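This report refers to the structure that appears directly beneath it.
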Amino acid sequence: MELQKLYSKVRQAVDAYQMIEDGDKIAIGISGGKDSLTLLYALAGMRKFYPKKYDVGAITVDTGVGNMDFSKVKELCESLNVPYEIIPTQIFPILMERQEKRMCPLCAKLRKGAFNEAALRLGCNKIAYAHNKDDFIETALMSLIYEGRFYAFPPVTYLPEAGVTVIRPMMYAPEKGVANFVINQGIKVVK
């Protein structure tokens, strides 16, 4: 996917669901993977031409897995003029120590809690997750198969307990396009 196509897909979603308003401060959740780095690139770049003025910041919740090198993410954020913060946690070691059976759901909940707390501390009123078009489709199918109901991520969700709004601006961007974008731009993902 070319940069203009990425901007087009993200802007379509942002406009269709009124995801961004004047004065918003958006925290982008950065895992270091292709989706979150592509979202970072898109929202940082759109600040130059989008009619509503907004700020972005990037946040990584380091779960304490060990040997995680986010230096390339930091370099990308600096090149895009985006403040970047790494939140160190001991989520993974604690889960391993407790031999937690349902590690993935609990890890996700703890990461989101740490991320939401950091976003609020930084004055953000919105949180952007990098779920792409394929993620929406997979979630809907899994929900139908395993739960017997048709459900997908809502494009915009207000979280009253956290006091922030979650937006998913990449909902129209296909995963294959995102993967190609990262390769074409030479973006280094965190392994």
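Chains: A, B, ... in order of the structure tokens. Residues: from 1 per chain. Ligands: from 1, in order shown.
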
Exercise for the section: Can you pull out every residue within 12 Å of region 180-189 of chain A, counting only C-alpha atoms, but drop anything in the same chain fewer than 4 positions away, and send it as a ChimeraX atom specification? Expected result: /A:1-7,30-42,68-77,79,173-176

Could I get the residues of region 55-158 of chain A with an atom no further than 12 Å from an atom of region 17-22 of chain A, each paired with its nearest atom pair and that distance in Å to one decimal, using only C-alpha atoms, sorted by chain and residue number, as a Markdown table?
```
| residue | atom | partner | partner_atom | distance |
| --- | --- | --- | --- | --- |
| A:Asp55 | CA | A:Asp22 | CA | 9.4 |
| A:Val56 | CA | A:Ile20 | CA | 11.1 |
| A:Asn125 | CA | A:Ile20 | CA | 10.5 |
| A:Lys126 | CA | A:Ile20 | CA | 8.6 |
| A:Ile127 | CA | A:Met19 | CA | 10.3 |
| A:Ala128 | CA | A:Met19 | CA | 9.4 |
| A:Tyr129 | CA | A:Met19 | CA | 11.9 |
| A:Pro154 | CA | A:Tyr17 | CA | 10.0 |
| A:Pro155 | CA | A:Tyr17 | CA | 7.0 |
| A:Val156 | CA | A:Met19 | CA | 6.7 |
| A:Thr157 | CA | A:Met19 | CA | 9.8 |
| A:Tyr158 | CA | A:Met19 | CA | 11.1 |
```

For all heavy atoms, I'd like the residues from the last selection saved as an mmCIF file, in the first residue's frame.
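Contents of the output file result_16.cif:
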```cif
data_model
loop_
_atom_site.group_PDB
_atom_site.id
_atom_site.type_symbol
_atom_site.label_atom_id
_atom_site.label_comp_id
_atom_site.auth_asym_id
_atom_site.auth_seq_id
_atom_site.Cartn_x
_atom_site.Cartn_y
_atom_site.Cartn_z
ATOM 1 N N ASP A 55 -3.213 16.493 18.285
ATOM 2 C CA ASP A 55 -1.863 16.053 18.638
ATOM 3 C C ASP A 55 -1.878 14.546 18.830
ATOM 4 O O ASP A 55 -2.911 13.958 19.170
ATOM 5 C CB ASP A 55 -1.399 16.703 19.945
ATOM 6 C CG ASP A 55 -1.074 18.175 19.787
ATOM 7 O OD1 ASP A 55 -0.534 18.549 18.728
ATOM 8 O OD2 ASP A 55 -1.360 18.947 20.721
ATOM 9 N N VAL A 56 -0.717 13.933 18.650
ATOM 10 C CA VAL A 56 -0.574 12.502 18.912
ATOM 11 C C VAL A 56 0.647 12.264 19.799
ATOM 12 O O VAL A 56 1.601 13.031 19.782
ATOM 13 C CB VAL A 56 -0.452 11.661 17.619
ATOM 14 C CG1 VAL A 56 -1.719 11.706 16.800
ATOM 15 C CG2 VAL A 56 0.739 12.086 16.785
ATOM 16 N N ASN A 125 -7.192 12.501 25.517
ATOM 17 C CA ASN A 125 -8.619 12.238 25.652
ATOM 18 C C ASN A 125 -9.076 11.099 24.735
ATOM 19 O O ASN A 125 -10.195 10.616 24.851
ATOM 20 C CB ASN A 125 -9.441 13.502 25.359
ATOM 21 C CG ASN A 125 -9.303 13.969 23.931
ATOM 22 O OD1 ASN A 125 -8.211 14.014 23.371
ATOM 23 N ND2 ASN A 125 -10.423 14.336 23.326
ATOM 24 N N LYS A 126 -8.177 10.676 23.836
ATOM 25 C CA LYS A 126 -8.502 9.563 22.944
ATOM 26 C C LYS A 126 -7.334 8.595 22.871
ATOM 27 O O LYS A 126 -6.177 8.971 23.035
ATOM 28 C CB LYS A 126 -8.851 10.065 21.541
ATOM 29 C CG LYS A 126 -10.156 10.850 21.533
ATOM 30 C CD LYS A 126 -10.748 11.022 20.194
ATOM 31 C CE LYS A 126 -12.105 11.717 20.348
ATOM 32 N NZ LYS A 126 -12.523 12.382 19.139
ATOM 33 N N ILE A 127 -7.695 7.337 22.622
ATOM 34 C CA ILE A 127 -6.731 6.256 22.467
ATOM 35 C C ILE A 127 -6.976 5.633 21.105
ATOM 36 O O ILE A 127 -8.123 5.338 20.756
ATOM 37 C CB ILE A 127 -6.933 5.198 23.563
ATOM 38 C CG1 ILE A 127 -6.507 5.750 24.915
ATOM 39 C CG2 ILE A 127 -6.198 3.922 23.227
ATOM 40 C CD1 ILE A 127 -6.847 4.832 26.070
ATOM 41 N N ALA A 128 -5.917 5.459 20.322
ATOM 42 C CA ALA A 128 -6.053 4.849 18.997
ATOM 43 C C ALA A 128 -5.435 3.457 19.002
ATOM 44 O O ALA A 128 -4.261 3.295 19.333
ATOM 45 C CB ALA A 128 -5.375 5.719 17.938
ATOM 46 N N TYR A 129 -6.252 2.467 18.666
ATOM 47 C CA TYR A 129 -5.774 1.093 18.488
ATOM 48 C C TYR A 129 -5.658 0.817 17.004
ATOM 49 O O TYR A 129 -6.430 1.336 16.193
ATOM 50 C CB TYR A 129 -6.733 0.092 19.125
ATOM 51 C CG TYR A 129 -6.749 0.099 20.635
ATOM 52 C CD1 TYR A 129 -7.894 -0.251 21.324
ATOM 53 C CD2 TYR A 129 -5.618 0.433 21.376
ATOM 54 C CE1 TYR A 129 -7.923 -0.265 22.714
ATOM 55 C CE2 TYR A 129 -5.638 0.428 22.764
ATOM 56 C CZ TYR A 129 -6.789 0.069 23.418
ATOM 57 O OH TYR A 129 -6.820 0.057 24.788
ATOM 58 N N PRO A 154 -16.306 -2.004 17.961
ATOM 59 C CA PRO A 154 -16.934 -0.752 17.538
ATOM 60 C C PRO A 154 -15.836 0.220 17.086
ATOM 61 O O PRO A 154 -14.766 0.261 17.683
ATOM 62 C CB PRO A 154 -17.638 -0.252 18.797
ATOM 63 C CG PRO A 154 -17.107 -1.048 19.934
ATOM 64 C CD PRO A 154 -16.427 -2.260 19.387
ATOM 65 N N PRO A 155 -16.088 0.995 16.031
ATOM 66 C CA PRO A 155 -15.082 1.939 15.543
ATOM 67 C C PRO A 155 -14.710 3.002 16.581
ATOM 68 O O PRO A 155 -13.569 3.423 16.672
ATOM 69 C CB PRO A 155 -15.731 2.590 14.329
ATOM 70 C CG PRO A 155 -16.817 1.658 13.929
ATOM 71 C CD PRO A 155 -17.266 0.963 15.170
ATOM 72 N N VAL A 156 -15.696 3.425 17.379
ATOM 73 C CA VAL A 156 -15.493 4.435 18.424
ATOM 74 C C VAL A 156 -16.204 3.947 19.682
ATOM 75 O O VAL A 156 -17.363 3.554 19.619
ATOM 76 C CB VAL A 156 -16.069 5.810 18.002
ATOM 77 C CG1 VAL A 156 -15.912 6.828 19.118
ATOM 78 C CG2 VAL A 156 -15.421 6.308 16.728
ATOM 79 N N THR A 157 -15.491 3.974 20.801
ATOM 80 C CA THR A 157 -16.074 3.538 22.070
ATOM 81 C C THR A 157 -15.627 4.467 23.179
ATOM 82 O O THR A 157 -14.425 4.679 23.362
ATOM 83 C CB THR A 157 -15.594 2.112 22.449
ATOM 84 O OG1 THR A 157 -15.818 1.238 21.364
ATOM 85 C CG2 THR A 157 -16.319 1.601 23.672
ATOM 86 N N TYR A 158 -16.578 5.003 23.921
ATOM 87 C CA TYR A 158 -16.224 5.799 25.095
ATOM 88 C C TYR A 158 -16.120 4.858 26.287
ATOM 89 O O TYR A 158 -17.017 4.042 26.531
ATOM 90 C CB TYR A 158 -17.266 6.890 25.374
ATOM 91 C CG TYR A 158 -16.916 7.694 26.604
ATOM 92 C CD1 TYR A 158 -15.798 8.529 26.619
ATOM 93 C CD2 TYR A 158 -17.669 7.587 27.761
ATOM 94 C CE1 TYR A 158 -15.449 9.250 27.752
ATOM 95 C CE2 TYR A 158 -17.333 8.304 28.903
ATOM 96 C CZ TYR A 158 -16.224 9.129 28.885
ATOM 97 O OH TYR A 158 -15.873 9.826 30.015
#
```

Practice task
Determine which residues of chain A DSSP labels as helix (DSSP H, G or I) from the backbone of this structure, then write them out as a PyMOL selection string.
Solution key: chain A and resi 3-16+34-46+71-79+91-97+103-121+133-147+175-185

Problem - Proximity to Arg11 (chain A) - best of A:Gly163, A:Pro169, A:Gly177, A:Phe92, only C-alpha atoms - result: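 Among the listed residues, the smallest separation from Arg11 (chain A) belongs to A:Pro169.
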
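From CA of Phe49 (chain A) back to CA of Lys133 (chain A), the distance works out to 23.9 Å.
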
Problem - Between CA of Thr89 (chain A) and CA of Cys107 (chain A), distance in Å (one decimal) - result: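 These atoms are spaced 11.1 Å apart.
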
Exercise for the section: For Leu95 (chain A), work out the shell of residues within 12 Å, counting only C-alpha atoms and skipping chain neighbours fewer than 2 positions away, then give it as a VMD selection string. Expected result: chain A and resid 63 to 65 89 to 93 97 to 108 110

Exercise for the section: Could you give me, as an NGL selection string, the residues within 12 Å of Ala27 (chain A), counting only C-alpha atoms and dropping anything in the same chain fewer than 6 positions from it? Expected result: :A and (36 or 39-40 or 43-44 or 54-60 or 82-85 or 115-130 or 164-168)

Go ahead and dump the residues you just picked, N, CA, C and O atoms, as a compact mmCIF listing (two decimals), in the first residue's frame.
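So again_7.txt came out as:
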```txt
# COMPACT_ATOMS: atom_id res chain seq x y z
N SER A 36 0.59 -1.21 14.49
CA SER A 36 0.70 -0.02 15.32
C SER A 36 1.68 1.00 14.72
O SER A 36 1.43 2.20 14.80
N LEU A 39 -0.18 2.76 11.90
CA LEU A 39 -1.12 3.75 12.45
C LEU A 39 -0.38 5.00 12.92
O LEU A 39 -0.82 6.12 12.67
N LEU A 40 0.75 4.81 13.58
CA LEU A 40 1.59 5.93 14.00
C LEU A 40 1.95 6.80 12.80
O LEU A 40 1.79 8.02 12.83
N LEU A 43 -1.41 8.65 11.42
CA LEU A 43 -1.94 9.75 12.22
C LEU A 43 -0.94 10.89 12.37
O LEU A 43 -1.33 12.06 12.39
N ALA A 44 0.35 10.56 12.44
CA ALA A 44 1.36 11.62 12.51
C ALA A 44 1.38 12.42 11.21
O ALA A 44 1.42 13.65 11.24
N TYR A 54 -5.10 18.29 15.77
CA TYR A 54 -4.97 17.35 16.88
C TYR A 54 -3.51 17.03 17.12
O TYR A 54 -2.66 17.29 16.27
N ASP A 55 -3.21 16.49 18.28
CA ASP A 55 -1.86 16.05 18.64
C ASP A 55 -1.88 14.55 18.83
O ASP A 55 -2.91 13.96 19.17
N VAL A 56 -0.72 13.93 18.65
CA VAL A 56 -0.57 12.50 18.91
C VAL A 56 0.65 12.26 19.80
O VAL A 56 1.60 13.03 19.78
N GLY A 57 0.56 11.20 20.54
CA GLY A 57 1.68 10.72 21.34
C GLY A 57 1.70 9.21 21.23
O GLY A 57 0.65 8.59 21.01
N ALA A 58 2.85 8.62 21.34
CA ALA A 58 2.99 7.16 21.23
C ALA A 58 3.37 6.58 22.58
O ALA A 58 4.22 7.13 23.28
N ILE A 59 2.71 5.47 22.93
CA ILE A 59 2.97 4.81 24.21
C ILE A 59 3.15 3.32 23.97
O ILE A 59 2.33 2.68 23.32
N THR A 60 4.23 2.78 24.53
CA THR A 60 4.46 1.34 24.53
C THR A 60 4.42 0.85 25.96
O THR A 60 5.07 1.42 26.83
N VAL A 82 6.81 12.91 17.06
CA VAL A 82 5.79 12.38 17.96
C VAL A 82 6.45 12.02 19.29
O VAL A 82 7.41 11.25 19.31
N PRO A 83 5.98 12.58 20.41
CA PRO A 83 6.52 12.19 21.71
C PRO A 83 6.28 10.70 21.96
O PRO A 83 5.21 10.17 21.62
N TYR A 84 7.27 10.04 22.55
CA TYR A 84 7.19 8.59 22.76
C TYR A 84 7.55 8.25 24.19
O TYR A 84 8.52 8.76 24.73
N GLU A 85 6.74 7.40 24.80
CA GLU A 85 7.00 6.97 26.17
C GLU A 85 6.86 5.46 26.27
O GLU A 85 5.91 4.88 25.73
N PHE A 115 -1.78 1.18 29.88
CA PHE A 115 -1.82 2.11 28.75
C PHE A 115 -2.80 3.25 29.02
O PHE A 115 -2.47 4.43 28.83
N ASN A 116 -4.01 2.92 29.49
CA ASN A 116 -5.02 3.94 29.78
C ASN A 116 -4.53 4.91 30.84
O ASN A 116 -4.72 6.13 30.72
N GLU A 117 -3.88 4.38 31.87
CA GLU A 117 -3.35 5.22 32.94
C GLU A 117 -2.30 6.20 32.40
O GLU A 117 -2.31 7.39 32.73
N ALA A 118 -1.41 5.70 31.54
CA ALA A 118 -0.37 6.56 30.95
C ALA A 118 -1.00 7.61 30.05
O ALA A 118 -0.59 8.78 30.06
N ALA A 119 -1.99 7.22 29.25
CA ALA A 119 -2.65 8.16 28.34
C ALA A 119 -3.30 9.30 29.12
O ALA A 119 -3.17 10.48 28.74
N LEU A 120 -3.98 8.99 30.20
CA LEU A 120 -4.61 10.02 31.03
C LEU A 120 -3.56 10.92 31.67
O LEU A 120 -3.72 12.14 31.71
N ARG A 121 -2.48 10.33 32.17
CA ARG A 121 -1.40 11.11 32.79
C ARG A 121 -0.80 12.11 31.79
O ARG A 121 -0.41 13.21 32.13
N LEU A 122 -0.76 11.71 30.50
CA LEU A 122 -0.21 12.57 29.46
C LEU A 122 -1.24 13.55 28.89
O LEU A 122 -0.94 14.29 27.96
N GLY A 123 -2.45 13.53 29.43
CA GLY A 123 -3.48 14.48 29.01
C GLY A 123 -4.22 14.10 27.75
O GLY A 123 -4.83 14.95 27.10
N CYS A 124 -4.19 12.83 27.40
CA CYS A 124 -4.88 12.37 26.18
C CYS A 124 -6.36 12.13 26.47
O CYS A 124 -6.71 11.61 27.52
N ASN A 125 -7.19 12.50 25.52
CA ASN A 125 -8.62 12.24 25.65
C ASN A 125 -9.08 11.10 24.73
O ASN A 125 -10.20 10.62 24.85
N LYS A 126 -8.18 10.68 23.84
CA LYS A 126 -8.50 9.56 22.94
C LYS A 126 -7.33 8.60 22.87
O LYS A 126 -6.18 8.97 23.04
N ILE A 127 -7.70 7.34 22.62
CA ILE A 127 -6.73 6.26 22.47
C ILE A 127 -6.98 5.63 21.11
O ILE A 127 -8.12 5.34 20.76
N ALA A 128 -5.92 5.46 20.32
CA ALA A 128 -6.05 4.85 19.00
C ALA A 128 -5.44 3.46 19.00
O ALA A 128 -4.26 3.30 19.33
N TYR A 129 -6.25 2.47 18.67
CA TYR A 129 -5.77 1.09 18.49
C TYR A 129 -5.66 0.82 17.00
O TYR A 129 -6.43 1.34 16.19
N ALA A 130 -4.73 -0.06 16.65
CA ALA A 130 -4.40 -0.31 15.25
C ALA A 130 -5.09 -1.53 14.67
O ALA A 130 -4.51 -2.21 13.82
N VAL A 164 -11.74 7.97 28.68
CA VAL A 164 -11.17 8.18 27.35
C VAL A 164 -12.06 7.53 26.29
O VAL A 164 -12.88 6.67 26.60
N THR A 165 -11.84 7.94 25.05
CA THR A 165 -12.54 7.36 23.92
C THR A 165 -11.55 6.56 23.09
O THR A 165 -10.48 7.06 22.75
N VAL A 166 -11.91 5.33 22.77
CA VAL A 166 -11.08 4.47 21.92
C VAL A 166 -11.52 4.65 20.48
O VAL A 166 -12.72 4.62 20.18
N ILE A 167 -10.55 4.86 19.57
CA ILE A 167 -10.84 4.95 18.15
C ILE A 167 -10.00 3.90 17.42
O ILE A 167 -8.93 3.51 17.89
N ARG A 168 -10.51 3.43 16.29
CA ARG A 168 -9.82 2.43 15.48
C ARG A 168 -9.74 2.92 14.03
O ARG A 168 -10.50 2.47 13.17
```

Exercise for the section: Can you list, as a count of residues only, all residues belonging to chain A that DSSP tags as strand (DSSP E or B)? Expected result: 29

Exercise for the section: Determine, counting only C-alpha atoms, which protein, DNA and RNA residues have an atom within 10 Å of an atom of Asp135 (chain A); residues of the same chain fewer than 3 positions away are not included. Present the result as a PyMOL selection string. Expected result: chain A and resi 130-132+138-141+152-153+170-171+173-175
